[in-house]
Structure formats: C-alpha cells, structure tokens
Amino acid sequence: MSRIFNFSAGPAMLPAEVLSRAGDEILDWHGSGMSVMEMSHRGKEFMGIAAEAEKDLRELLAIPANYKVLFLQGGATLQFAQIPMNLLRGKGRADYVSTGEWSKKAIKEAKALCDVHVAASSEDKNFTYAPKNWNVRKDAAYVHYCSNETIGGVEFHQVPNAEIPLVADASSHFLSRPIDVSKFGLVYAGAQKNVGPAGLTIVIVRDDLIGNVMKGTPSVMDYKLQAEADSMLNTPPTYSMYIAGLVFKWLKALGGVPEIERRNVAKAKLLYDFLDTTKFYGNPVAKEDRSRMNVPFTLTDAKLDEEFLKGAARQGMVQLKGHRSVGGMRASIYNAMPIEGVQRLVEYMRDFEKKHG
C-alpha cells in the first residue's frame with residue numbers, strides 16, 4: 001500500500017524515515033532484546049534515550065542553559081491550567097492575547113485560577129490577523145499568546161516585545177522555524193504536529209520562574225519537581241519520547257531548523273501563490289499573518305465541499321476538511337509533508353476549479 005498525503009492538523013504525518021527506523025527497532029532496540037514500549041523508564045536503556053532526545057532538542061533550538069526542558073503528558077491543553085499554577089507566583093493576575101479557538105480555551109482555563117486581562121484580541125475581524133499592539137499590565141505575572149493558531153491559520157512571524165515573562169503556545173509550528181528561546185519565559189507545544197505521536201507535551205521554561213506553585217497544585221503538575229526528576233516524577237510517555245528523539249535526529253540530518261524552515265517557506269509559498277491567483281478559492285487571513293503550517297481556504301460554493309473532499313481522497317489526499325468551528329478546508333503542511341504533497345494539492349485544486357468554476 002502506498003503512503004497517502006495526510007493534511008491532518010494533528011495527529012499528523014511523521015517522516016517516513018522515522019517510521020521506517022522505528023519499525024526496524026520495534027521488536028529489538030539496539031540489541032536489548034526488547035521494544036522501547038517494554039522498557040522501564042528507570043532502566044539505563046530508556047534513560048539514555050531520554051537524555052539524548054533532550055540533548056538534540058537543545059541543540060536544534062539553541063536552548064540556553066538556564067532553561068529546563070520537560071517532557072510531559074496531558075497535551076498542550078493541560079498546560080492551560082498548569083501554566084498559571086506554576087507561573088503566577090502569588091501575583092494573582094495574568095494577561096492573555098486572544099487570536100482564535102486555542103487562545104480562547106487558554107483564557108477560559110486561566111480565569112478559573114486568576115484575574116485575566118485580555119491584552120489584545122483579533123475577534124473584531126473573526127480572528128483573521130495577529131494583533132501587534134498589546135496593552136499588557138506591568139504587574140501581571142506573565143502574558144500568554146498562541147504563536148500559531150491551528151484552526152484559523154494565523155501565525156505571529158516575529159516574537160512580540162514584552163516587559164513581563166512571555167509565554168507561547170507554539171504547538172502547531174514548534175520546530176518549523178528558528179526561535180530565540182531567551183525572549184520567552186516559557187514555550188510549550190503538543191507533540192502531534194511536528195514532533196511525534198500524541199501523548200507528549202514539551203515545555204521549555206526559564207529557571208527563575210519555577211519553584212513557587214499555587215497552593216493545591218498536584219505534585220505531577222509542579223514544573224520544579226518534574227525538572228528535578230528529569231520529567232520522570234511519574235512514568236512518562238516513553239514511546240512518544242523515543243519517536244520524538246528520532247524526529248530530532250531526522251531534523252539534524254536535514255540541516256537543522258534553518259533548513260526545515262526553508263522547505264516550509266517553499267511549501268507555503270506554493271499554496272498561497274495559487275490561492276492569490278483565483279477567486280474560486282479564498283483565504284481569509286491577513287497576508288502578513290498567514291500561517292506556514294495551517295492553510296485554511298474556502299470554495300466559493302460550499303455545496304461543492306463534499307465533492308472536493310471525495311475527489312481529493314481518490315487522489316491520495318486526506319484530512320482536508322476544515323475545523324467544524326470555521327468550516328471550509330484546511331491543509332496542514334507540517335515539517336513531514338513533502339513539497340510533492342503540496343504540488344499534488346495545487347494541481348488538484350486547479351483541475352477542480354476548471355471543472356466547477
């Protein structure tokens with residue numbers, strides 16, 4: 001059976017090379033006589049896998065020594081509560097930027113734990129741009145934003161300036177482009193876009209922000225305790241960490257994050273350039289804020305949506321249906337999506353327009 005082009009927003013495509021290597025090692029990892037799935041997280045074999053994964057991630061993003069790297073569970077969604085529990089540090093107030101569905105979910109969760117002020121919002125234009133002017137309270141514990149909104153396809157292409165700790169939900173563009181970690185207090189990302197299978201969440205947090213959790217915070221949600229235990233306060237998502245480690249090595253072999261960014265720019269340009277030449281399809285996002293990872297688009301006649309999806313599936317392209325909250329289509333073109341997949345999509349879109357336009 002040939003591989004299809006999977007445009008899912010997550011869980012998403014993984015590099016074929018990574019899956020092939022994982023398959024080769026599934027029964028016997030490096031002569032150990034067991035699968036990684038069977039290993040004790042306290043054993044020397046898995047401890048080595050985990051340490052190497054952290055080392056490679058630190059190299060890929062040039063993470064400074066005064067930042068902890070945590071491999072956690074619960075998805076990025078658990079971080080919506082875990083961040084205020086750890087970062088409020090007695091201040092009782094935090095600022096948030098609202099740019100779409102994931103921002104709204106983070107805000108809702110934080111409101112149960114502290115005084116939340118919305119420092120900026122793009123809701124006035126249906127979350128189709130990234131607001132540049134933020135009204136941030138100087139006495140807030142931190143300011144949180146979603147640096148790439150998976151559903152709406154809005155991406156911040158520069159790191160905003162903030163006088164207080166900056167927190168980013170980078171789930172859907174993590175490792176797709178270089179970032180200056182030193183500009184952030186905390187960066188977090190669910191793995192199932194660019195890193196590996198669902199079940200793993202990566203948190204990169206500055207040392208001085210941890211160690212003063214909110215009263216009642218469960219031990220497993222205390223960043224400091226997790227850091228002291230090398231993310232193994234409880235049994236971690238071992239197999240997801242192993243696959244993430246293989247993805248990190250795949251990225252390094254390609255030439256690191258700068259090279260994958262070059263490829264991602266080329267893929268996104270190919271699709272957006274086509275969208276800009278046609279009135280049969282539309283993209284609602286402000287051009288300067290378009291996501292490289294998640295490209296939403298609509299057909300002029302929504303009655304054709306189902307036919308479009310069925311035709312795409314026949315040509316080996318799946319998961320193009322847009323999120324139920326916005327409708328239309330969405331092509332998620334993460335790191336593992338080869339440019340050939342985008343080329344096939346554009347060719348199909350052009351042919352579909354000739355037939356129905």
# chains A, B, ... in the order shown; residues from 1 in each chain; ligands from 1

$ residues_around --residues "Val195 in chain A" --least-positions-apart "4" --cutoff "8 Å" --atoms "only C-alpha atoms" --output "PyMOL selection string"
chain A and resi 174-175+191+244+247-248

$ write_last_selection --atoms "N, CA and C atoms" --output "PDB file, in the first residue's frame"
ATOM      1  N   PHE A 174       5.975  24.511  16.276  1.00  0.00           N
ATOM      2  CA  PHE A 174       7.189  24.177  17.018  1.00  0.00           C
ATOM      3  C   PHE A 174       8.155  23.425  16.102  1.00  0.00           C
ATOM      4  N   LEU A 175       9.411  23.858  16.087  1.00  0.00           N
ATOM      5  CA  LEU A 175      10.482  23.271  15.270  1.00  0.00           C
ATOM      6  C   LEU A 175      10.308  23.486  13.769  1.00  0.00           C
ATOM      7  N   ALA A 191       3.011  17.489  20.947  1.00  0.00           N
ATOM      8  CA  ALA A 191       3.949  16.869  20.016  1.00  0.00           C
ATOM      9  C   ALA A 191       3.344  16.483  18.679  1.00  0.00           C
ATOM     10  N   ALA A 244       9.943  11.100  19.250  1.00  0.00           N
ATOM     11  CA  ALA A 244      10.375  12.500  19.192  1.00  0.00           C
ATOM     12  C   ALA A 244      11.886  12.580  19.032  1.00  0.00           C
ATOM     13  N   VAL A 247      12.730  11.985  15.513  1.00  0.00           N
ATOM     14  CA  VAL A 247      12.403  13.164  14.704  1.00  0.00           C
ATOM     15  C   VAL A 247      13.493  14.227  14.862  1.00  0.00           C
ATOM     16  N   PHE A 248      13.980  14.413  16.083  1.00  0.00           N
ATOM     17  CA  PHE A 248      15.055  15.389  16.298  1.00  0.00           C
ATOM     18  C   PHE A 248      16.288  15.006  15.475  1.00  0.00           C
TER      19      PHE A 248
END

$ select_by_dssp --residues "range 84-275 of chain A" --states "strand (DSSP E)" --output "PDB file with N, CA, C and O atoms, in the first residue's frame"
ATOM      1  N   ARG A  93      -2.630  37.584  38.866  1.00  0.00           N
ATOM      2  CA  ARG A  93      -3.151  38.155  37.618  1.00  0.00           C
ATOM      3  C   ARG A  93      -2.236  37.813  36.446  1.00  0.00           C
ATOM      4  O   ARG A  93      -1.015  37.752  36.595  1.00  0.00           O
ATOM      5  N   ALA A  94      -2.854  37.593  35.305  1.00  0.00           N
ATOM      6  CA  ALA A  94      -2.095  37.259  34.106  1.00  0.00           C
ATOM      7  C   ALA A  94      -2.800  37.853  32.895  1.00  0.00           C
ATOM      8  O   ALA A  94      -4.022  38.003  32.885  1.00  0.00           O
ATOM      9  N   ASP A  95      -2.020  38.191  31.883  1.00  0.00           N
ATOM     10  CA  ASP A  95      -2.560  38.772  30.654  1.00  0.00           C
ATOM     11  C   ASP A  95      -2.536  37.757  29.519  1.00  0.00           C
ATOM     12  O   ASP A  95      -1.617  36.928  29.436  1.00  0.00           O
ATOM     13  N   TYR A  96      -3.531  37.850  28.652  1.00  0.00           N
ATOM     14  CA  TYR A  96      -3.660  36.914  27.533  1.00  0.00           C
ATOM     15  C   TYR A  96      -3.992  37.662  26.254  1.00  0.00           C
ATOM     16  O   TYR A  96      -4.667  38.698  26.286  1.00  0.00           O
ATOM     17  N   VAL A  97      -3.514  37.133  25.141  1.00  0.00           N
ATOM     18  CA  VAL A  97      -3.844  37.660  23.819  1.00  0.00           C
ATOM     19  C   VAL A  97      -4.771  36.645  23.158  1.00  0.00           C
ATOM     20  O   VAL A  97      -4.481  35.441  23.138  1.00  0.00           O
ATOM     21  N   SER A  98      -5.878  37.125  22.625  1.00  0.00           N
ATOM     22  CA  SER A  98      -6.899  36.246  22.062  1.00  0.00           C
ATOM     23  C   SER A  98      -6.878  36.317  20.536  1.00  0.00           C
ATOM     24  O   SER A  98      -7.227  37.339  19.952  1.00  0.00           O
ATOM     25  N   ASP A 115      -7.021  36.430  37.945  1.00  0.00           N
ATOM     26  CA  ASP A 115      -7.607  37.576  37.252  1.00  0.00           C
ATOM     27  C   ASP A 115      -6.970  37.666  35.862  1.00  0.00           C
ATOM     28  O   ASP A 115      -5.757  37.850  35.746  1.00  0.00           O
ATOM     29  N   VAL A 116      -7.783  37.522  34.851  1.00  0.00           N
ATOM     30  CA  VAL A 116      -7.280  37.527  33.478  1.00  0.00           C
ATOM     31  C   VAL A 116      -7.672  38.814  32.772  1.00  0.00           C
ATOM     32  O   VAL A 116      -8.834  39.231  32.789  1.00  0.00           O
ATOM     33  N   HIS A 117      -6.689  39.438  32.145  1.00  0.00           N
ATOM     34  CA  HIS A 117      -6.911  40.630  31.332  1.00  0.00           C
ATOM     35  C   HIS A 117      -6.545  40.295  29.891  1.00  0.00           C
ATOM     36  O   HIS A 117      -5.462  39.757  29.623  1.00  0.00           O
ATOM     37  N   VAL A 118      -7.461  40.562  28.957  1.00  0.00           N
ATOM     38  CA  VAL A 118      -7.176  40.326  27.538  1.00  0.00           C
ATOM     39  C   VAL A 118      -6.414  41.544  27.006  1.00  0.00           C
ATOM     40  O   VAL A 118      -6.976  42.629  26.824  1.00  0.00           O
ATOM     41  N   ALA A 119      -5.123  41.354  26.776  1.00  0.00           N
ATOM     42  CA  ALA A 119      -4.237  42.456  26.386  1.00  0.00           C
ATOM     43  C   ALA A 119      -4.396  42.851  24.925  1.00  0.00           C
ATOM     44  O   ALA A 119      -4.052  43.976  24.542  1.00  0.00           O
ATOM     45  N   ALA A 120      -4.904  41.943  24.116  1.00  0.00           N
ATOM     46  CA  ALA A 120      -5.153  42.218  22.697  1.00  0.00           C
ATOM     47  C   ALA A 120      -6.042  41.109  22.154  1.00  0.00           C
ATOM     48  O   ALA A 120      -6.031  39.988  22.661  1.00  0.00           O
ATOM     49  N   SER A 121      -6.807  41.443  21.125  1.00  0.00           N
ATOM     50  CA  SER A 121      -7.707  40.457  20.539  1.00  0.00           C
ATOM     51  C   SER A 121      -7.920  40.766  19.054  1.00  0.00           C
ATOM     52  O   SER A 121      -7.938  41.929  18.651  1.00  0.00           O
ATOM     53  N   VAL A 143       2.426  37.200  30.199  1.00  0.00           N
ATOM     54  CA  VAL A 143       1.477  37.412  29.106  1.00  0.00           C
ATOM     55  C   VAL A 143       1.559  36.201  28.173  1.00  0.00           C
ATOM     56  O   VAL A 143       2.646  35.783  27.772  1.00  0.00           O
ATOM     57  N   HIS A 144       0.419  35.626  27.874  1.00  0.00           N
ATOM     58  CA  HIS A 144       0.319  34.387  27.110  1.00  0.00           C
ATOM     59  C   HIS A 144      -0.277  34.659  25.728  1.00  0.00           C
ATOM     60  O   HIS A 144      -1.250  35.409  25.595  1.00  0.00           O
ATOM     61  N   TYR A 145       0.287  34.029  24.707  1.00  0.00           N
ATOM     62  CA  TYR A 145      -0.306  34.106  23.371  1.00  0.00           C
ATOM     63  C   TYR A 145      -0.086  32.788  22.651  1.00  0.00           C
ATOM     64  O   TYR A 145       0.801  31.994  23.008  1.00  0.00           O
ATOM     65  N   CYS A 146      -0.910  32.529  21.645  1.00  0.00           N
ATOM     66  CA  CYS A 146      -0.761  31.360  20.791  1.00  0.00           C
ATOM     67  C   CYS A 146      -0.026  31.823  19.535  1.00  0.00           C
ATOM     68  O   CYS A 146      -0.580  32.585  18.743  1.00  0.00           O
ATOM     69  N   ASN A 148       0.846  30.333  16.872  1.00  0.00           N
ATOM     70  CA  ASN A 148       0.277  29.856  15.605  1.00  0.00           C
ATOM     71  C   ASN A 148      -1.062  29.198  15.908  1.00  0.00           C
ATOM     72  O   ASN A 148      -1.108  28.154  16.562  1.00  0.00           O
ATOM     73  N   GLU A 149      -2.127  29.824  15.444  1.00  0.00           N
ATOM     74  CA  GLU A 149      -3.468  29.284  15.689  1.00  0.00           C
ATOM     75  C   GLU A 149      -3.788  28.223  14.637  1.00  0.00           C
ATOM     76  O   GLU A 149      -3.981  28.532  13.458  1.00  0.00           O
ATOM     77  N   VAL A 154      -3.511  31.534  11.638  1.00  0.00           N
ATOM     78  CA  VAL A 154      -2.872  32.827  11.894  1.00  0.00           C
ATOM     79  C   VAL A 154      -1.564  32.593  12.649  1.00  0.00           C
ATOM     80  O   VAL A 154      -1.537  31.883  13.657  1.00  0.00           O
ATOM     81  N   GLU A 155      -0.480  33.190  12.169  1.00  0.00           N
ATOM     82  CA  GLU A 155       0.835  32.982  12.780  1.00  0.00           C
ATOM     83  C   GLU A 155       1.511  34.316  13.069  1.00  0.00           C
ATOM     84  O   GLU A 155       1.479  35.240  12.257  1.00  0.00           O
ATOM     85  N   LEU A 166       7.082  36.245  28.779  1.00  0.00           N
ATOM     86  CA  LEU A 166       6.267  35.935  27.609  1.00  0.00           C
ATOM     87  C   LEU A 166       6.093  34.416  27.519  1.00  0.00           C
ATOM     88  O   LEU A 166       7.070  33.663  27.568  1.00  0.00           O
ATOM     89  N   VAL A 167       4.838  33.989  27.400  1.00  0.00           N
ATOM     90  CA  VAL A 167       4.513  32.565  27.323  1.00  0.00           C
ATOM     91  C   VAL A 167       3.876  32.293  25.965  1.00  0.00           C
ATOM     92  O   VAL A 167       2.951  32.993  25.560  1.00  0.00           O
ATOM     93  N   ALA A 168       4.362  31.260  25.259  1.00  0.00           N
ATOM     94  CA  ALA A 168       3.842  30.960  23.927  1.00  0.00           C
ATOM     95  C   ALA A 168       3.363  29.517  23.827  1.00  0.00           C
ATOM     96  O   ALA A 168       4.096  28.584  24.167  1.00  0.00           O
ATOM     97  N   ASP A 169       2.139  29.370  23.347  1.00  0.00           N
ATOM     98  CA  ASP A 169       1.650  28.072  22.902  1.00  0.00           C
ATOM     99  C   ASP A 169       2.087  27.942  21.452  1.00  0.00           C
ATOM    100  O   ASP A 169       1.486  28.518  20.545  1.00  0.00           O
ATOM    101  N   LEU A 186       8.430  31.006  28.902  1.00  0.00           N
ATOM    102  CA  LEU A 186       8.031  29.607  28.720  1.00  0.00           C
ATOM    103  C   LEU A 186       7.502  29.414  27.305  1.00  0.00           C
ATOM    104  O   LEU A 186       6.760  30.247  26.791  1.00  0.00           O
ATOM    105  N   VAL A 187       7.873  28.296  26.692  1.00  0.00           N
ATOM    106  CA  VAL A 187       7.337  27.873  25.396  1.00  0.00           C
ATOM    107  C   VAL A 187       6.840  26.449  25.565  1.00  0.00           C
ATOM    108  O   VAL A 187       7.537  25.612  26.158  1.00  0.00           O
ATOM    109  N   TYR A 188       5.634  26.174  25.070  1.00  0.00           N
ATOM    110  CA  TYR A 188       5.140  24.805  25.174  1.00  0.00           C
ATOM    111  C   TYR A 188       4.501  24.370  23.866  1.00  0.00           C
ATOM    112  O   TYR A 188       4.082  25.197  23.058  1.00  0.00           O
ATOM    113  N   ALA A 189       4.444  23.053  23.673  1.00  0.00           N
ATOM    114  CA  ALA A 189       3.911  22.523  22.418  1.00  0.00           C
ATOM    115  C   ALA A 189       3.481  21.075  22.584  1.00  0.00           C
ATOM    116  O   ALA A 189       4.230  20.263  23.134  1.00  0.00           O
ATOM    117  N   GLY A 190       2.288  20.775  22.096  1.00  0.00           N
ATOM    118  CA  GLY A 190       1.879  19.390  21.944  1.00  0.00           C
ATOM    119  C   GLY A 190       2.689  18.779  20.822  1.00  0.00           C
ATOM    120  O   GLY A 190       3.015  19.443  19.840  1.00  0.00           O
ATOM    121  N   THR A 201       3.947  16.272  25.569  1.00  0.00           N
ATOM    122  CA  THR A 201       3.967  17.734  25.517  1.00  0.00           C
ATOM    123  C   THR A 201       5.339  18.214  25.948  1.00  0.00           C
ATOM    124  O   THR A 201       5.886  17.727  26.946  1.00  0.00           O
ATOM    125  N   ILE A 202       5.900  19.138  25.208  1.00  0.00           N
ATOM    126  CA  ILE A 202       7.212  19.691  25.543  1.00  0.00           C
ATOM    127  C   ILE A 202       7.028  21.068  26.170  1.00  0.00           C
ATOM    128  O   ILE A 202       6.284  21.905  25.659  1.00  0.00           O
ATOM    129  N   VAL A 203       7.699  21.286  27.293  1.00  0.00           N
ATOM    130  CA  VAL A 203       7.682  22.579  27.978  1.00  0.00           C
ATOM    131  C   VAL A 203       9.126  23.038  28.155  1.00  0.00           C
ATOM    132  O   VAL A 203       9.957  22.297  28.682  1.00  0.00           O
ATOM    133  N   ILE A 204       9.414  24.245  27.701  1.00  0.00           N
ATOM    134  CA  ILE A 204      10.730  24.861  27.887  1.00  0.00           C
ATOM    135  C   ILE A 204      10.506  26.072  28.778  1.00  0.00           C
ATOM    136  O   ILE A 204       9.804  27.015  28.388  1.00  0.00           O
ATOM    137  N   VAL A 205      11.068  26.064  29.988  1.00  0.00           N
ATOM    138  CA  VAL A 205      10.747  27.107  30.963  1.00  0.00           C
ATOM    139  C   VAL A 205      12.011  27.628  31.643  1.00  0.00           C
ATOM    140  O   VAL A 205      12.931  26.867  31.954  1.00  0.00           O
ATOM    141  N   ARG A 206      12.050  28.932  31.843  1.00  0.00           N
ATOM    142  CA  ARG A 206      13.210  29.575  32.462  1.00  0.00           C
ATOM    143  C   ARG A 206      13.291  29.237  33.955  1.00  0.00           C
ATOM    144  O   ARG A 206      12.280  29.223  34.656  1.00  0.00           O
TER     145      ARG A 206
END

$ closest_residue --among "A:Met317, A:Met39, A:Leu60, A:Gly48" --to "Gly255 in chain A" --atoms "only C-alpha atoms"
A:Leu60

$ residues_around --residues "range 123-125 of chain A" --least-positions-apart "4" --cutoff "9 Å" --atoms "only C-alpha atoms" --output "list in words"
Ser98, Thr99, Gly100 and Tyr129 of chain A

$ write_last_selection --atoms "all heavy atoms" --output "PDB file, in the first residue's frame"
ATOM      1  N   SER A  98      -5.878  37.125  22.625  1.00  0.00           N
ATOM      2  CA  SER A  98      -6.899  36.246  22.062  1.00  0.00           C
ATOM      3  C   SER A  98      -6.878  36.317  20.536  1.00  0.00           C
ATOM      4  O   SER A  98      -7.227  37.339  19.952  1.00  0.00           O
ATOM      5  CB  SER A  98      -8.283  36.644  22.584  1.00  0.00           C
ATOM      6  OG  SER A  98      -9.275  35.801  22.072  1.00  0.00           O
ATOM      7  N   THR A  99      -6.463  35.207  19.907  1.00  0.00           N
ATOM      8  CA  THR A  99      -6.364  35.197  18.444  1.00  0.00           C
ATOM      9  C   THR A  99      -7.065  33.998  17.813  1.00  0.00           C
ATOM     10  O   THR A  99      -6.867  33.724  16.623  1.00  0.00           O
ATOM     11  CB  THR A  99      -4.886  35.196  18.007  1.00  0.00           C
ATOM     12  OG1 THR A  99      -4.194  34.129  18.686  1.00  0.00           O
ATOM     13  CG2 THR A  99      -4.213  36.517  18.319  1.00  0.00           C
ATOM     14  N   GLY A 100      -7.874  33.283  18.579  1.00  0.00           N
ATOM     15  CA  GLY A 100      -8.572  32.144  17.993  1.00  0.00           C
ATOM     16  C   GLY A 100      -9.049  31.155  19.042  1.00  0.00           C
ATOM     17  O   GLY A 100      -9.050  31.436  20.241  1.00  0.00           O
ATOM     18  N   TYR A 129      -6.269  37.860  11.917  1.00  0.00           N
ATOM     19  CA  TYR A 129      -4.980  38.553  11.907  1.00  0.00           C
ATOM     20  C   TYR A 129      -4.325  38.426  13.279  1.00  0.00           C
ATOM     21  O   TYR A 129      -4.963  38.005  14.257  1.00  0.00           O
ATOM     22  CB  TYR A 129      -5.144  40.035  11.532  1.00  0.00           C
ATOM     23  CG  TYR A 129      -5.828  40.883  12.591  1.00  0.00           C
ATOM     24  CD1 TYR A 129      -5.082  41.679  13.465  1.00  0.00           C
ATOM     25  CD2 TYR A 129      -7.221  40.894  12.720  1.00  0.00           C
ATOM     26  CE1 TYR A 129      -5.710  42.462  14.432  1.00  0.00           C
ATOM     27  CE2 TYR A 129      -7.846  41.670  13.677  1.00  0.00           C
ATOM     28  CZ  TYR A 129      -7.084  42.454  14.536  1.00  0.00           C
ATOM     29  OH  TYR A 129      -7.697  43.217  15.497  1.00  0.00           O
TER      30      TYR A 129
END

$ closest_residue --among "A:Ala331, A:Met221, A:Met232, A:Leu61" --to "Phe46 in chain A" --atoms "only C-alpha atoms"
A:Met232

$ residues_around --residues "Gly90 in chain A" --least-positions-apart "3" --cutoff "9 Å" --atoms "only C-alpha atoms" --output "list in words"
Leu87, Arg93, Ala141, Asn212, Val213 and Met214 of chain A

$ select_by_dssp --residues "range 72-204 of chain A" --states "alpha helix (DSSP H)" --output "list in words"
Gly75, Ala76, Thr77, Leu78, Gln79, Phe80, Ala81, Gln82, Ile83, Pro84, Met85, Asn86, Leu87, Glu101, Trp102, Ser103, Lys104, Lys105, Ala106, Ile107, Lys108, Glu109, Ala110 and Lys111 of chain A

$ closest_residue --among "A:Ala62, A:Val318, A:Ile83, A:Ile26" --to "Gly256 in chain A" --atoms "only C-alpha atoms"
A:Ala62

$ closest_residue --among "A:Gln158, A:Ser172, A:Ser2, A:Ser8" --to "Lys321 in chain A" --atoms "only C-alpha atoms"
A:Ser8

$ atom_distance --atom1 "CA of Leu320 in chain A" --atom2 "CA of Phe7 in chain A"
5.8 Å
